[in-house]
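**Q** Structure file coords_37.cif, mmCIF, C-alpha atoms, is pasted below:
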data_protein
loop_
_atom_site.group_PDB
_atom_site.id
_atom_site.type_symbol
_atom_site.label_atom_id
_atom_site.label_comp_id
_atom_site.auth_asym_id
_atom_site.auth_seq_id
_atom_site.Cartn_x
_atom_site.Cartn_y
_atom_site.Cartn_z
ATOM 1 C CA MET A 29 145.174 64.030 132.919
ATOM 2 C CA GLN A 30 143.080 67.004 133.995
ATOM 3 C CA ALA A 31 143.292 69.924 131.593
ATOM 4 C CA THR A 32 144.808 73.035 133.101
ATOM 5 C CA LEU A 33 144.260 76.671 132.223
ATOM 6 C CA GLU A 34 147.568 76.776 130.400
ATOM 7 C CA ARG A 35 146.972 73.641 128.303
ATOM 8 C CA PRO A 36 143.234 73.446 127.778
ATOM 9 C CA LEU A 37 142.776 71.205 124.711
ATOM 10 C CA ASN A 38 145.173 68.398 123.830
ATOM 11 C CA GLY A 39 147.869 70.541 125.364
ATOM 12 C CA LYS A 40 147.260 73.293 122.799
ATOM 13 C CA LEU A 41 147.125 76.957 123.781
ATOM 14 C CA PHE A 42 144.524 79.484 122.664
ATOM 15 C CA LEU A 43 145.143 83.231 122.551
ATOM 16 C CA ASP A 44 143.637 83.516 126.035
ATOM 17 C CA ASP A 45 146.227 81.057 127.386
ATOM 18 C CA LEU A 46 149.227 82.985 126.079
ATOM 19 C CA HIS A 47 151.038 85.770 127.881
ATOM 20 C CA VAL A 48 154.089 87.938 127.339
ATOM 21 C CA GLY A 49 157.239 86.216 128.554
ATOM 22 C CA GLN A 50 155.847 82.682 128.113
ATOM 23 C CA ARG A 51 158.498 80.328 126.766
ATOM 24 C CA PHE A 52 158.532 77.120 124.761
ATOM 25 C CA SER A 53 161.272 74.655 123.861
ATOM 26 C CA SER A 54 161.387 72.304 120.904
ATOM 27 C CA GLY A 55 162.911 68.904 120.408
ATOM 28 C CA ALA A 56 166.111 68.559 118.383
ATOM 29 C CA HIS A 57 166.930 67.830 114.753
ATOM 30 C CA ALA A 58 170.340 66.723 113.490
ATOM 31 C CA ILE A 59 171.211 67.976 110.013
ATOM 32 C CA ASP A 60 173.726 66.261 107.753
ATOM 33 C CA GLU A 61 175.404 66.843 104.422
ATOM 34 C CA HIS A 62 172.827 64.736 102.596
ATOM 35 C CA GLN A 63 169.878 66.808 103.861
ATOM 36 C CA ILE A 64 171.692 70.074 103.103
ATOM 37 C CA LYS A 65 172.436 69.076 99.505
ATOM 38 C CA ALA A 66 168.947 67.640 98.904
ATOM 39 C CA PHE A 67 167.183 70.815 100.068
ATOM 40 C CA ALA A 68 169.617 72.985 98.114
ATOM 41 C CA GLY A 69 169.135 70.894 94.991
ATOM 42 C CA ASP A 70 165.414 71.576 95.150
ATOM 43 C CA PHE A 71 165.328 75.175 96.313
ATOM 44 C CA ASP A 72 168.715 76.875 96.583
ATOM 45 C CA PRO A 73 171.185 75.322 94.134
ATOM 46 C CA GLN A 74 174.251 77.451 94.869
ATOM 47 C CA PRO A 75 177.785 75.994 95.177
ATOM 48 C CA PHE A 76 178.145 76.739 98.926
ATOM 49 C CA HIS A 77 175.000 74.650 99.622
ATOM 50 C CA LEU A 78 175.768 71.810 97.172
ATOM 51 C CA ASP A 79 179.474 71.054 97.164
ATOM 52 C CA GLY A 80 181.893 71.121 100.107
ATOM 53 C CA ASP A 81 184.955 71.679 97.916
ATOM 54 C CA ALA A 82 183.421 74.485 95.890
ATOM 55 C CA ALA A 83 182.143 76.023 99.150
ATOM 56 C CA LYS A 84 185.700 76.458 100.491
ATOM 57 C CA ASN A 85 186.369 79.399 98.192
ATOM 58 C CA THR A 86 183.123 81.203 98.990
ATOM 59 C CA ILE A 87 181.998 83.563 101.740
ATOM 60 C CA PHE A 88 180.863 80.500 103.736
ATOM 61 C CA GLY A 89 184.292 78.807 103.711
ATOM 62 C CA GLY A 90 182.652 75.367 103.604
ATOM 63 C CA LEU A 91 179.345 73.608 103.065
ATOM 64 C CA ALA A 92 176.440 75.458 104.707
ATOM 65 C CA ALA A 93 172.701 74.895 104.686
ATOM 66 C CA SER A 94 170.406 77.301 102.867
ATOM 67 C CA GLY A 95 168.913 79.784 105.326
ATOM 68 C CA TRP A 96 165.501 78.650 104.081
ATOM 69 C CA HIS A 97 166.431 75.111 105.071
ATOM 70 C CA THR A 98 167.202 76.324 108.596
ATOM 71 C CA ALA A 99 163.832 78.116 108.556
ATOM 72 C CA ALA A 100 162.024 74.979 107.351
ATOM 73 C CA ILE A 101 163.627 72.779 110.031
ATOM 74 C CA THR A 102 162.765 75.403 112.638
ATOM 75 C CA MET A 103 159.147 75.245 111.495
ATOM 76 C CA ARG A 104 159.168 71.457 111.742
ATOM 77 C CA LEU A 105 160.484 71.656 115.307
ATOM 78 C CA LEU A 106 157.760 74.180 116.205
ATOM 79 C CA VAL A 107 155.015 72.050 114.643
ATOM 80 C CA ASP A 108 156.325 68.939 116.418
ATOM 81 C CA GLY A 109 155.609 70.473 119.802
ATOM 82 C CA GLY A 110 157.961 73.424 120.025
ATOM 83 C CA ALA A 111 155.029 75.877 119.989
ATOM 84 C CA PRO A 112 151.779 74.229 121.128
ATOM 85 C CA ILE A 113 149.349 76.740 119.596
ATOM 86 C CA ALA A 114 145.671 75.806 119.126
ATOM 87 C CA GLY A 115 144.611 75.789 115.470
ATOM 88 C CA GLY A 116 148.194 75.228 114.361
ATOM 89 C CA ILE A 117 151.066 77.558 113.651
ATOM 90 C CA VAL A 118 149.807 80.081 111.128
ATOM 91 C CA GLY A 119 152.247 82.845 110.372
ATOM 92 C CA ALA A 120 151.288 86.127 108.738
ATOM 93 C CA GLY A 121 154.937 87.055 108.435
ATOM 94 C CA GLY A 122 157.901 88.155 110.453
ATOM 95 C CA GLU A 123 161.549 89.060 110.596
ATOM 96 C CA ILE A 124 164.289 86.522 110.060
ATOM 97 C CA SER A 125 168.053 86.616 110.360
ATOM 98 C CA TRP A 126 170.820 84.069 110.154
ATOM 99 C CA PRO A 127 173.743 85.184 112.347
ATOM 100 C CA LYS A 128 175.754 82.004 111.600
ATOM 101 C CA PRO A 129 175.480 79.358 108.877
ATOM 102 C CA THR A 130 174.021 75.931 109.698
ATOM 103 C CA ARG A 131 176.689 73.267 109.083
ATOM 104 C CA PRO A 132 176.614 69.503 108.511
ATOM 105 C CA GLY A 133 176.509 67.788 111.912
ATOM 106 C CA ASP A 134 174.691 70.633 113.647
ATOM 107 C CA VAL A 135 171.870 69.627 115.977
ATOM 108 C CA LEU A 136 169.146 72.263 115.819
ATOM 109 C CA GLN A 137 166.851 73.184 118.678
ATOM 110 C CA VAL A 138 164.430 76.094 119.029
ATOM 111 C CA GLU A 139 163.548 78.288 122.014
ATOM 112 C CA CYS A 140 160.598 80.659 121.707
ATOM 113 C CA GLU A 141 159.276 83.500 123.792
ATOM 114 C CA ILE A 142 155.948 85.320 123.477
ATOM 115 C CA LEU A 143 156.570 89.055 122.990
ATOM 116 C CA GLU A 144 153.067 90.343 122.376
ATOM 117 C CA VAL A 145 149.446 89.120 122.546
ATOM 118 C CA THR A 146 146.861 91.277 120.774
ATOM 119 C CA PRO A 147 143.181 90.318 120.469
ATOM 120 C CA SER A 148 141.717 91.334 117.109
ATOM 121 C CA ARG A 149 139.271 94.249 117.182
ATOM 122 C CA SER A 150 137.457 93.218 114.032
ATOM 123 C CA ARG A 151 137.537 89.414 114.516
ATOM 124 C CA PRO A 152 136.449 88.412 118.032
ATOM 125 C CA ASP A 153 137.413 84.764 117.404
ATOM 126 C CA ARG A 154 141.149 85.399 117.055
ATOM 127 C CA GLY A 155 144.150 87.582 117.723
ATOM 128 C CA MET A 156 147.768 88.177 116.799
ATOM 129 C CA VAL A 157 150.739 86.881 118.743
ATOM 130 C CA THR A 158 154.337 87.976 118.246
ATOM 131 C CA MET A 159 156.740 85.168 119.084
ATOM 132 C CA ARG A 160 160.528 85.330 118.981
ATOM 133 C CA CYS A 161 162.155 81.987 118.182
ATOM 134 C CA GLU A 162 165.858 81.403 118.339
ATOM 135 C CA THR A 163 167.369 78.361 116.630
ATOM 136 C CA PHE A 164 170.555 77.067 118.264
ATOM 137 C CA ASN A 165 173.034 74.348 117.450
ATOM 138 C CA GLN A 166 174.535 71.917 119.967
ATOM 139 C CA ARG A 167 177.259 74.452 120.859
ATOM 140 C CA GLY A 168 174.682 77.060 121.792
ATOM 141 C CA GLU A 169 175.462 79.169 118.728
ATOM 142 C CA THR A 170 172.503 81.108 117.347
ATOM 143 C CA LEU A 171 171.823 80.059 113.755
ATOM 144 C CA GLN A 172 168.540 81.863 113.219
ATOM 145 C CA ILE A 173 166.355 84.446 114.912
ATOM 146 C CA LEU A 174 162.757 84.542 113.764
ATOM 147 C CA THR A 175 160.276 87.045 115.142
ATOM 148 C CA ALA A 176 156.970 85.792 113.782
ATOM 149 C CA LYS A 177 153.464 87.199 113.802
ATOM 150 C CA LEU A 178 150.998 84.364 114.324
ATOM 151 C CA VAL A 179 147.241 84.229 113.942
ATOM 152 C CA VAL A 180 145.887 82.464 117.051
ATOM 153 C CA PRO A 181 142.255 81.514 117.785
ATOM 154 C CA ARG A 182 140.506 82.477 121.018
ATOM 155 C CA HIS A 183 138.740 79.935 123.203
ATOM 156 C CA PRO A 184 135.493 78.848 121.552
ATOM 157 C CA ALA A 185 132.732 80.809 123.300
ATOM 158 C CA MET B 22 179.923 88.641 73.968
ATOM 159 C CA GLN B 23 181.604 91.770 75.302
ATOM 160 C CA ALA B 24 181.010 92.331 79.020
ATOM 161 C CA THR B 25 179.154 95.524 79.831
ATOM 162 C CA LEU B 26 179.287 97.673 82.944
ATOM 163 C CA GLU B 27 175.923 96.352 84.153
ATOM 164 C CA ARG B 28 176.704 92.673 83.539
ATOM 165 C CA PRO B 29 180.443 92.352 83.955
ATOM 166 C CA LEU B 30 180.988 88.635 84.660
ATOM 167 C CA ASN B 31 178.766 85.917 83.222
ATOM 168 C CA GLY B 32 175.932 88.380 83.474
ATOM 169 C CA LYS B 33 176.361 88.657 87.250
ATOM 170 C CA LEU B 34 176.226 91.972 89.059
ATOM 171 C CA PHE B 35 178.684 93.196 91.690
ATOM 172 C CA LEU B 36 177.840 95.770 94.337
ATOM 173 C CA ASP B 37 179.241 98.473 92.070
ATOM 174 C CA ASP B 38 176.783 97.480 89.326
ATOM 175 C CA LEU B 39 173.692 97.786 91.501
ATOM 176 C CA HIS B 40 171.674 100.917 92.085
ATOM 177 C CA VAL B 41 168.507 101.925 93.891
ATOM 178 C CA GLY B 42 165.428 101.312 91.750
ATOM 179 C CA GLN B 43 167.052 98.567 89.663
ATOM 180 C CA ARG B 44 164.577 95.761 88.938
ATOM 181 C CA PHE B 45 164.793 92.066 88.178
ATOM 182 C CA SER B 46 162.215 89.504 87.043
ATOM 183 C CA SER B 47 162.326 85.774 87.557
ATOM 184 C CA GLY B 48 161.018 82.875 85.534
ATOM 185 C CA ALA B 49 157.894 81.027 86.671
ATOM 186 C CA HIS B 50 157.208 77.949 88.770
ATOM 187 C CA ALA B 51 153.903 76.059 88.821
ATOM 188 C CA ILE B 52 153.063 74.510 92.172
ATOM 189 C CA ASP B 53 150.702 71.562 92.548
ATOM 190 C CA GLU B 54 149.084 69.558 95.331
ATOM 191 C CA HIS B 55 151.817 66.939 95.257
ATOM 192 C CA GLN B 56 154.596 69.497 95.842
ATOM 193 C CA ILE B 57 152.615 71.201 98.596
ATOM 194 C CA LYS B 58 152.019 67.950 100.484
ATOM 195 C CA ALA B 59 155.601 66.713 100.004
ATOM 196 C CA PHE B 60 157.140 69.907 101.408
ATOM 197 C CA ALA B 61 154.626 69.974 104.267
ATOM 198 C CA GLY B 62 155.309 66.326 105.085
ATOM 199 C CA ASP B 63 158.987 67.162 105.513
ATOM 200 C CA PHE B 64 158.815 70.568 107.174
ATOM 201 C CA ASP B 65 155.326 71.758 108.084
ATOM 202 C CA PRO B 66 153.013 68.796 108.710
ATOM 203 C CA GLN B 67 149.805 70.633 109.582
ATOM 204 C CA PRO B 68 146.365 69.586 108.258
ATOM 205 C CA PHE B 69 145.875 72.682 106.077
ATOM 206 C CA HIS B 70 149.119 71.876 104.194
ATOM 207 C CA LEU B 71 148.593 68.097 103.988
ATOM 208 C CA ASP B 72 144.941 67.309 103.364
ATOM 209 C CA GLY B 73 142.443 69.240 101.239
ATOM 210 C CA ASP B 74 139.401 67.940 103.129
ATOM 211 C CA ALA B 75 140.823 68.653 106.568
ATOM 212 C CA ALA B 76 141.927 72.096 105.324
ATOM 213 C CA LYS B 77 138.317 73.131 104.557
ATOM 214 C CA ASN B 78 137.525 73.612 108.241
ATOM 215 C CA THR B 79 140.648 75.643 108.992
ATOM 216 C CA ILE B 80 141.541 79.310 108.677
ATOM 217 C CA PHE B 81 142.822 78.564 105.132
ATOM 218 C CA GLY B 82 139.498 77.131 103.897
ATOM 219 C CA GLY B 83 141.345 74.698 101.617
ATOM 220 C CA LEU B 84 144.756 73.251 100.882
ATOM 221 C CA ALA B 85 147.507 75.894 101.060
ATOM 222 C CA ALA B 86 151.296 75.703 100.771
ATOM 223 C CA SER B 87 153.470 76.317 103.811
ATOM 224 C CA GLY B 88 154.731 79.895 103.778
ATOM 225 C CA TRP B 89 158.234 78.430 103.985
ATOM 226 C CA HIS B 90 157.517 76.523 100.786
ATOM 227 C CA THR B 91 156.574 79.782 99.063
ATOM 228 C CA ALA B 92 159.823 81.252 100.419
ATOM 229 C CA ALA B 93 161.846 78.278 99.164
ATOM 230 C CA ILE B 94 160.321 78.441 95.661
ATOM 231 C CA THR B 95 160.956 82.195 95.626
ATOM 232 C CA MET B 96 164.614 81.501 96.430
ATOM 233 C CA ARG B 97 164.822 78.957 93.624
ATOM 234 C CA LEU B 98 163.396 81.477 91.165
ATOM 235 C CA LEU B 99 165.944 84.081 92.330
ATOM 236 C CA VAL B 100 168.853 81.637 92.055
ATOM 237 C CA ASP B 101 167.685 80.553 88.589
ATOM 238 C CA GLY B 102 168.247 84.030 87.215
ATOM 239 C CA GLY B 103 165.708 86.174 89.053
ATOM 240 C CA ALA B 104 168.477 88.075 90.846
ATOM 241 C CA PRO B 105 171.809 87.896 88.972
ATOM 242 C CA ILE B 106 174.111 88.784 91.878
ATOM 243 C CA ALA B 107 177.851 88.012 91.670
ATOM 244 C CA GLY B 108 178.992 85.545 94.315
ATOM 245 C CA GLY B 109 175.481 84.157 94.626
ATOM 246 C CA ILE B 110 172.480 85.162 96.679
ATOM 247 C CA VAL B 111 173.649 85.316 100.274
ATOM 248 C CA GLY B 112 171.051 86.618 102.679
ATOM 249 C CA ALA B 113 171.848 87.916 106.146
ATOM 250 C CA GLY B 114 168.156 88.148 106.916
ATOM 251 C CA GLY B 115 165.069 90.145 106.136
ATOM 252 C CA GLU B 116 161.378 90.685 106.578
ATOM 253 C CA ILE B 117 158.811 88.327 105.132
ATOM 254 C CA SER B 118 155.045 88.363 104.897
ATOM 255 C CA TRP B 119 152.433 86.198 103.221
ATOM 256 C CA PRO B 120 149.413 88.357 102.324
ATOM 257 C CA LYS B 121 147.616 85.420 100.632
ATOM 258 C CA PRO B 122 148.130 81.644 100.765
ATOM 259 C CA THR B 123 149.764 79.839 97.840
ATOM 260 C CA ARG B 124 147.280 77.346 96.369
ATOM 261 C CA PRO B 125 147.611 74.236 94.181
ATOM 262 C CA GLY B 126 147.732 75.360 90.544
ATOM 263 C CA ASP B 127 149.325 78.722 91.314
ATOM 264 C CA VAL B 128 152.149 79.781 88.999
ATOM 265 C CA LEU B 129 154.711 81.743 91.003
ATOM 266 C CA GLN B 130 156.870 84.509 89.627
ATOM 267 C CA VAL B 131 159.101 87.001 91.450
ATOM 268 C CA GLU B 132 159.770 90.703 90.841
ATOM 269 C CA CYS B 133 162.571 92.383 92.775
ATOM 270 C CA GLU B 134 163.675 95.957 93.258
ATOM 271 C CA ILE B 135 166.871 97.248 94.829
ATOM 272 C CA LEU B 136 166.053 99.572 97.739
ATOM 273 C CA GLU B 137 169.493 100.266 99.173
ATOM 274 C CA VAL B 138 173.168 99.735 98.292
ATOM 275 C CA THR B 139 175.651 100.204 101.138
ATOM 276 C CA PRO B 140 179.389 99.532 100.795
ATOM 277 C CA SER B 141 180.868 98.047 103.959
ATOM 278 C CA ARG B 142 183.131 100.347 105.998
ATOM 279 C CA SER B 143 185.071 97.522 107.598
ATOM 280 C CA ARG B 144 185.226 95.116 104.620
ATOM 281 C CA PRO B 145 186.300 96.896 101.415
ATOM 282 C CA ASP B 146 185.574 93.785 99.327
ATOM 283 C CA ARG B 147 181.814 93.777 99.920
ATOM 284 C CA GLY B 148 178.654 95.614 100.873
ATOM 285 C CA MET B 149 175.035 95.177 101.841
ATOM 286 C CA VAL B 150 172.111 95.404 99.458
ATOM 287 C CA THR B 151 168.463 95.637 100.477
ATOM 288 C CA MET B 152 166.221 94.047 97.875
ATOM 289 C CA ARG B 153 162.419 93.857 97.969
ATOM 290 C CA CYS B 154 161.032 90.808 96.195
ATOM 291 C CA GLU B 155 157.359 90.270 95.586
ATOM 292 C CA THR B 156 156.095 86.808 94.672
ATOM 293 C CA PHE B 157 152.949 86.797 92.523
ATOM 294 C CA ASN B 158 150.655 84.126 91.165
ATOM 295 C CA GLN B 159 149.231 84.030 87.637
ATOM 296 C CA ARG B 160 146.340 86.287 88.672
ATOM 297 C CA GLY B 161 148.733 88.982 89.868
ATOM 298 C CA GLU B 162 147.904 88.321 93.528
ATOM 299 C CA THR B 163 150.770 88.946 95.936
ATOM 300 C CA LEU B 164 151.604 85.746 97.822
ATOM 301 C CA GLN B 165 154.786 86.888 99.531
ATOM 302 C CA ILE B 166 156.759 90.051 100.141
ATOM 303 C CA LEU B 167 160.381 89.553 101.128
ATOM 304 C CA THR B 168 162.673 92.460 101.929
ATOM 305 C CA ALA B 169 166.075 90.807 102.124
ATOM 306 C CA LYS B 170 169.476 92.048 103.176
ATOM 307 C CA LEU B 171 172.104 90.528 100.911
ATOM 308 C CA VAL B 172 175.870 90.395 101.180
ATOM 309 C CA VAL B 173 177.268 91.350 97.762
ATOM 310 C CA PRO B 174 180.934 91.409 96.681
ATOM 311 C CA ARG B 175 182.540 94.434 95.061
ATOM 312 C CA HIS B 176 184.420 94.247 91.778
ATOM 313 C CA PRO B 177 187.775 92.529 92.302
ATOM 314 C CA ALA B 178 190.362 95.322 92.476
#
As structure tokens - that is how I would like this structure written.

**A**
Amino acid sequence: MQATLERPLNGKLFLDDLHVGQRFSSGAHAIDEHQIKAFAGDFDPQPFHLDGDAAKNTIFGGLAASGWHTAAITMRLLVDGGAPIAGGIVGAGGEISWPKPTRPGDVLQVECEILEVTPSRSRPDRGMVTMRCETFNQRGETLQILTAKLVVPRHPA
Amino acid sequence: MQATLERPLNGKLFLDDLHVGQRFSSGAHAIDEHQIKAFAGDFDPQPFHLDGDAAKNTIFGGLAASGWHTAAITMRLLVDGGAPIAGGIVGAGGEISWPKPTRPGDVLQVECEILEVTPSRSRPDRGMVTMRCETFNQRGETLQILTAKLVVPRHPA
């Protein structure tokens, strides 16, 4: 297939190929109770992430995934094609919120939009991109909003 | 042991026990190449998180942990006593940045400070706390800064 301006190298986009308003969609990932408890056991061992019965009497009212688990799955969906950035997805930081908990049985999917594209003044080989990524479940409920600042390479000279 | 005002229930702090400027320190967690690659394989399978040789020619210049891995370890350190909040550590969201990559052999430790304590107007049983948590390695280098908004219960009436 002939490379196009928008997808110049293995379908990956350099800074020069990105523009405000550009959108990307990821594949989907189904999360279950086993995954939720395994992640929580490693990184967030609190009752509402580990035990459905214990979770009933908490603020979550039932088993919920760690927010960091939702973030990690979101990243996996972006890496697996949800955000085809040249050089990989390298985040300097960002803002994150979790409007609703991720529950067992949810099917996660990510939609991203480019908000800002800023070439670096000091480093002519790269720039900064602000990308807003919303993680939905199969009912269209927003589970996570991540506004990330990414380091993105420019086209090799 | 007699409960004190600051640590009223199993050493856990309610909204009423928290004040601006209050600080907490976590234990430590040593991260190695195996952990970095395992997390990346699950959630962030990019060359600079998976393969030391491939990482040399990337922006990281060597194997580095996924930022989400640093975030997850930070959470574990907070849950394991780094932030003794009653009702658990329940984040609504926050700001995150990774000033330096986490490397194999780094020993992570978290220091938190309470920035804001705001009782809810609509929900008299809880409030919002803003907590800034810095994750350091053994050389005192800042790997992550997380400013989190937490939902914290008030003392039972």

**Q** Both chains have the same sequence, so match all Cα atoms in order, fit chain A onto chain B by least squares, and return it as a compact mmCIF listing (two decimals) with C-alpha atoms, keeping the file's coordinate frame.

**A**
# COMPACT_ATOMS: atom_id res chain seq x y z
CA MET A 29 178.88 89.01 73.65
CA GLN A 30 180.75 92.02 74.98
CA ALA A 31 180.40 92.47 78.73
CA THR A 32 178.65 95.66 79.73
CA LEU A 33 178.98 97.71 82.89
CA GLU A 34 175.71 96.33 84.18
CA ARG A 35 176.55 92.66 83.56
CA PRO A 36 180.31 92.38 83.92
CA LEU A 37 180.97 88.68 84.61
CA ASN A 38 178.78 85.90 83.24
CA GLY A 39 175.92 88.34 83.53
CA LYS A 40 176.40 88.60 87.30
CA LEU A 41 176.28 91.93 89.11
CA PHE A 42 178.73 93.14 91.74
CA LEU A 43 177.87 95.73 94.39
CA ASP A 44 179.28 98.43 92.10
CA ASP A 45 176.83 97.43 89.35
CA LEU A 46 173.74 97.74 91.54
CA HIS A 47 171.72 100.88 92.10
CA VAL A 48 168.54 101.88 93.89
CA GLY A 49 165.49 101.29 91.73
CA GLN A 50 167.11 98.51 89.66
CA ARG A 51 164.65 95.72 88.93
CA PHE A 52 164.87 92.02 88.17
CA SER A 53 162.31 89.46 87.04
CA SER A 54 162.41 85.71 87.56
CA GLY A 55 161.12 82.82 85.54
CA ALA A 56 157.99 80.98 86.67
CA HIS A 57 157.29 77.91 88.77
CA ALA A 58 153.99 76.03 88.82
CA ILE A 59 153.11 74.48 92.18
CA ASP A 60 150.76 71.54 92.56
CA GLU A 61 149.11 69.56 95.32
CA HIS A 62 151.86 66.94 95.27
CA GLN A 63 154.64 69.48 95.87
CA ILE A 64 152.63 71.21 98.61
CA LYS A 65 152.03 67.96 100.51
CA ALA A 66 155.62 66.73 100.06
CA PHE A 67 157.15 69.93 101.46
CA ALA A 68 154.62 70.00 104.30
CA GLY A 69 155.30 66.37 105.13
CA ASP A 70 158.96 67.20 105.60
CA PHE A 71 158.79 70.60 107.24
CA ASP A 72 155.29 71.81 108.11
CA PRO A 73 152.98 68.85 108.74
CA GLN A 74 149.77 70.71 109.58
CA PRO A 75 146.33 69.65 108.25
CA PHE A 76 145.85 72.75 106.04
CA HIS A 77 149.11 71.91 104.19
CA LEU A 78 148.57 68.13 103.98
CA ASP A 79 144.93 67.35 103.36
CA GLY A 80 142.45 69.28 101.20
CA ASP A 81 139.40 67.98 103.08
CA ALA A 82 140.79 68.71 106.52
CA ALA A 83 141.90 72.14 105.26
CA LYS A 84 138.30 73.16 104.48
CA ASN A 85 137.48 73.66 108.15
CA THR A 86 140.59 75.71 108.91
CA ILE A 87 141.50 79.38 108.58
CA PHE A 88 142.79 78.62 105.06
CA GLY A 89 139.48 77.17 103.81
CA GLY A 90 141.34 74.71 101.57
CA LEU A 91 144.77 73.27 100.84
CA ALA A 92 147.51 75.91 101.02
CA ALA A 93 151.28 75.72 100.76
CA SER A 94 153.45 76.34 103.80
CA GLY A 95 154.73 79.92 103.77
CA TRP A 96 158.23 78.45 104.00
CA HIS A 97 157.51 76.52 100.82
CA THR A 98 156.60 79.78 99.07
CA ALA A 99 159.84 81.25 100.44
CA ALA A 100 161.87 78.27 99.21
CA ILE A 101 160.36 78.43 95.70
CA THR A 102 161.00 82.17 95.65
CA MET A 103 164.64 81.49 96.47
CA ARG A 104 164.86 78.93 93.69
CA LEU A 105 163.46 81.45 91.20
CA LEU A 106 166.00 84.05 92.37
CA VAL A 107 168.91 81.61 92.12
CA ASP A 108 167.77 80.50 88.65
CA GLY A 109 168.31 83.99 87.28
CA GLY A 110 165.77 86.13 89.08
CA ALA A 111 168.54 88.05 90.88
CA PRO A 112 171.86 87.85 89.02
CA ILE A 113 174.16 88.75 91.93
CA ALA A 114 177.90 87.98 91.74
CA GLY A 115 179.03 85.51 94.41
CA GLY A 116 175.51 84.12 94.72
CA ILE A 117 172.51 85.14 96.75
CA VAL A 118 173.65 85.30 100.35
CA GLY A 119 171.06 86.63 102.73
CA ALA A 120 171.83 87.93 106.20
CA GLY A 121 168.14 88.17 106.95
CA GLY A 122 165.07 90.17 106.16
CA GLU A 123 161.37 90.70 106.57
CA ILE A 124 158.81 88.33 105.12
CA SER A 125 155.04 88.38 104.86
CA TRP A 126 152.45 86.23 103.17
CA PRO A 127 149.42 88.37 102.26
CA LYS A 128 147.63 85.43 100.55
CA PRO A 129 148.13 81.66 100.71
CA THR A 130 149.80 79.84 97.80
CA ARG A 131 147.32 77.33 96.33
CA PRO A 132 147.65 74.22 94.15
CA GLY A 133 147.80 75.33 90.51
CA ASP A 134 149.39 78.70 91.27
CA VAL A 135 152.22 79.75 88.97
CA LEU A 136 154.77 81.71 90.99
CA GLN A 137 156.94 84.48 89.62
CA VAL A 138 159.16 86.97 91.44
CA GLU A 139 159.84 90.67 90.82
CA CYS A 140 162.64 92.35 92.76
CA GLU A 141 163.73 95.92 93.25
CA ILE A 142 166.94 97.22 94.83
CA LEU A 143 166.08 99.54 97.73
CA GLU A 144 169.51 100.26 99.17
CA VAL A 145 173.20 99.72 98.32
CA THR A 146 175.67 100.21 101.16
CA PRO A 147 179.41 99.54 100.83
CA SER A 148 180.87 98.04 104.01
CA ARG A 149 183.12 100.35 106.04
CA SER A 150 185.06 97.54 107.67
CA ARG A 151 185.22 95.12 104.69
CA PRO A 152 186.30 96.89 101.49
CA ASP A 153 185.59 93.76 99.40
CA ARG A 154 181.83 93.75 99.98
CA GLY A 155 178.68 95.61 100.91
CA MET A 156 175.05 95.18 101.88
CA VAL A 157 172.13 95.40 99.49
CA THR A 158 168.48 95.63 100.50
CA MET A 159 166.25 94.03 97.88
CA ARG A 160 162.46 93.85 97.95
CA CYS A 161 161.07 90.78 96.18
CA GLU A 162 157.41 90.25 95.55
CA THR A 163 156.13 86.78 94.65
CA PHE A 164 153.01 86.78 92.48
CA ASN A 165 150.73 84.10 91.12
CA GLN A 166 149.33 83.99 87.58
CA ARG A 167 146.43 86.27 88.60
CA GLY A 168 148.82 88.95 89.80
CA GLU A 169 147.96 88.31 93.44
CA THR A 170 150.82 88.94 95.87
CA LEU A 171 151.64 85.75 97.77
CA GLN A 172 154.81 86.89 99.50
CA ILE A 173 156.78 90.05 100.12
CA LEU A 174 160.39 89.55 101.12
CA THR A 175 162.68 92.46 101.92
CA ALA A 176 166.08 90.82 102.15
CA LYS A 177 169.49 92.06 103.21
CA LEU A 178 172.12 90.52 100.95
CA VAL A 179 175.89 90.39 101.25
CA VAL A 180 177.29 91.34 97.82
CA PRO A 181 180.96 91.38 96.74
CA ARG A 182 182.58 94.41 95.12
CA HIS A 183 184.46 94.19 91.84
CA PRO A 184 187.80 92.47 92.38
CA ALA A 185 190.40 95.26 92.55

**Q** Can you work out the spacing between CA of Leu43 (chain A) and CA of Glu162 (chain B) in Å, to one decimal?

**A**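 Atom-to-atom, CA of Leu43 (chain A) and CA of Glu162 (chain B) are spaced 29.6 Å apart.
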
**Q** Could you list, as number ranges by chain, the residues of chain B having an atom within 10 Å of chain A when counting only C-alpha atoms?

**A** B: 60-69, 79-81, 87-90, 92-101, 108-122, 165-170, 172-174

**Q** Rounded to one decimal, what separation in Å do you get between CA of Ser148 (chain A) and CA of Asp72 (chain B)?

**A**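 Spanning CA of Ser148 (chain A) to CA of Asp72 (chain B) is a straight-line distance of 27.9 Å.
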
**Q** Given the file above and the PyMOL selection byres ((chain B and resi 138) around 10), which residues are selected, and can you give them as a list of chain:residue names?

**A**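 So the PyMOL selection byres ((chain B and resi 138) around 10) ends up selecting B:Leu36, B:Asp37, B:Asp38, B:Leu39, B:His40, B:Val41, B:Ile135, B:Leu136, B:Glu137, B:Thr139, B:Pro140, B:Ser141, B:Gly148, B:Met149, B:Val150, B:Thr151, B:Met152, B:Lys170, B:Leu171, B:Val173.
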
**Q** What does the distance between CA of Arg182 (chain A) and CA of Gly39 (chain A) come to in Å, to one decimal place?

**A**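 So the two atoms, CA of Arg182 (chain A) and CA of Gly39 (chain A), lie 14.7 Å apart.
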